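Colleague: The following block contains the structure, expressed as structure tokens.
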Amino acid sequence: MEIERKWLLPALPQITSTADAKLAHVQIRQGYVCTETGELRVRDKGGKYYLTVKSDGTISREEWEREIPQWTFDLLWENCQNRVLEKIRYSLPYGQLSLEIDVYLGRLAGLIILEVEFASEKQARQFDVTTIAPEAIDVTAEKRYKDKVLATSGLPS
């Protein structure tokens, strides 16, 4: 089970600006084999390859992920056609949580999303993002900001 919230950011939060070069980050390339009901995706995360299945949902949804060999990724990637995206993911520890800031590339350039995974829906609902990014806009429930929609439809208007 994945319990996650997402926020649209106008820029990288100030907590990252002084240490950008030192932040843990990885380039991600992901493509969607299927997006009709839930999603089936493949991901190249810095040279490690993953197959992920997710159900539909907002804060909570089922998720299954496994590392796969590169040849499997390459074979499935061919089926992703125009349902792909690229981003750089910055990871910051924040208490017992991890903040993941995705800076999108290519046709999604300029889009910055903060994602935080939680242990419970109660913890997710109580989280106050304004201490990190006062101008953040909660887009957790907005389907147009789901990666599968971004990969297929591009930037939201």
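Ordered as shown in the structure tokens, chains take letters A, B, and onward, while each chain numbers its residues from 1 and ligands are numbered from 1 in the order shown.
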Report as an MDAnalysis selection string: the residues of segment 9-65 of chain A with a DSSP assignment of strand (DSSP E), based on the backbone of this structure.

Modeller: chainID A and resid 9 24:34 39:45 48:54 60:61 63:65

Colleague: Skip Val139 of chain A itself and residues of its chain fewer than 6 positions away, then list as an mmCIF file with N, CA and C atoms, in the first residue's frame all residues within 12 Å of it, counting only C-alpha atoms.

Modeller:
data_model
loop_
_atom_site.group_PDB
_atom_site.id
_atom_site.type_symbol
_atom_site.label_atom_id
_atom_site.label_comp_id
_atom_site.auth_asym_id
_atom_site.auth_seq_id
_atom_site.Cartn_x
_atom_site.Cartn_y
_atom_site.Cartn_z
ATOM 1 N N GLU A 4 0.490 8.518 -0.050
ATOM 2 C CA GLU A 4 1.334 9.600 -0.549
ATOM 3 C C GLU A 4 0.514 10.851 -0.811
ATOM 4 N N ARG A 5 1.147 12.001 -0.589
ATOM 5 C CA ARG A 5 0.563 13.284 -0.992
ATOM 6 C C ARG A 5 1.533 13.969 -1.932
ATOM 7 N N LYS A 6 0.966 14.840 -2.801
ATOM 8 C CA LYS A 6 1.760 15.550 -3.803
ATOM 9 C C LYS A 6 1.396 17.032 -3.790
ATOM 10 N N TRP A 7 2.426 17.859 -3.984
ATOM 11 C CA TRP A 7 2.227 19.304 -4.056
ATOM 12 C C TRP A 7 2.948 19.864 -5.267
ATOM 13 N N LEU A 8 2.307 20.803 -5.921
ATOM 14 C CA LEU A 8 2.911 21.555 -7.014
ATOM 15 C C LEU A 8 3.725 22.680 -6.390
ATOM 16 N N LEU A 9 4.970 22.822 -6.827
ATOM 17 C CA LEU A 9 5.847 23.868 -6.298
ATOM 18 C C LEU A 9 6.167 24.882 -7.388
ATOM 19 N N THR A 58 -6.133 8.195 -4.793
ATOM 20 C CA THR A 58 -5.552 9.513 -4.510
ATOM 21 C C THR A 58 -4.492 9.362 -3.426
ATOM 22 N N ILE A 59 -4.854 9.485 -2.166
ATOM 23 C CA ILE A 59 -3.858 9.389 -1.095
ATOM 24 C C ILE A 59 -3.360 7.952 -0.929
ATOM 25 N N ILE A 112 7.593 21.194 -11.145
ATOM 26 C CA ILE A 112 8.270 20.710 -9.938
ATOM 27 C C ILE A 112 7.194 20.198 -8.985
ATOM 28 N N ILE A 113 7.342 18.949 -8.580
ATOM 29 C CA ILE A 113 6.374 18.300 -7.697
ATOM 30 C C ILE A 113 7.090 17.757 -6.467
ATOM 31 N N LEU A 114 6.519 18.016 -5.311
ATOM 32 C CA LEU A 114 6.998 17.453 -4.050
ATOM 33 C C LEU A 114 6.094 16.284 -3.695
ATOM 34 N N GLU A 115 6.693 15.119 -3.419
ATOM 35 C CA GLU A 115 5.948 13.938 -2.994
ATOM 36 C C GLU A 115 6.459 13.509 -1.631
ATOM 37 N N TYR A 145 -2.140 15.665 -12.423
ATOM 38 C CA TYR A 145 -0.760 15.711 -11.926
ATOM 39 C C TYR A 145 -0.206 14.320 -11.609
ATOM 40 N N LYS A 146 -0.933 13.268 -11.930
ATOM 41 C CA LYS A 146 -0.399 11.917 -11.801
ATOM 42 C C LYS A 146 0.614 11.705 -12.925
ATOM 43 N N ASP A 147 1.701 11.023 -12.630
ATOM 44 C CA ASP A 147 2.735 10.813 -13.645
ATOM 45 C C ASP A 147 2.192 10.145 -14.904
ATOM 46 N N PRO A 156 -0.330 20.096 -17.459
ATOM 47 C CA PRO A 156 -1.710 20.579 -17.265
ATOM 48 C C PRO A 156 -1.818 22.048 -17.635
#

Colleague: Which neighbours of segment 36-40 of chain A fall inside 7 Å, counting only C-alpha atoms, when residues of the same chain fewer than 6 positions from it are skipped, and could you give them as a PyMOL selection string?

Modeller: chain A and resi 52-56

Colleague: Taking 4 positions as the minimum chain separation for residues in the same chain, which residues sit within 12 Å of Ser157 of chain A when counting only C-alpha atoms? Answer as a list in words.

Modeller: Leu108, Leu111, Arg144, Tyr145, Leu150 and Ser153 of chain A

Colleague: Find the residue from A:Tyr32, A:Tyr50, A:Trp64, A:Phe118 that sits nearest to Trp77 of chain A; use only C-alpha atoms when measuring.

Modeller: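 Closest residue, counting only C-alpha atoms: A:Tyr32.
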
Colleague: Could you tell me which of A:His25, A:Gly106, A:Pro13, A:Gln81 comes closest to Val129 of chain A if we count only C-alpha atoms?

Modeller: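 The shortest atom-to-atom distance to Val129 of chain A comes from A:Pro13.
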
Colleague: Would you compute the distance between atom CA of Gln123 of chain A and atom CA of Ala136 of chain A? Give it in Å to one decimal.

Modeller: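 Those two atoms sit 18.1 Å apart.
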
Colleague: Distance atom CA of Gly46 of chain A-atom CA of Gly154 of chain A, one decimal place?

Modeller: 22.9 Å

Colleague: Quick one, how far is atom CA of Lys45 of chain A from atom CA of Val26 of chain A?

Modeller: 6.7 Å
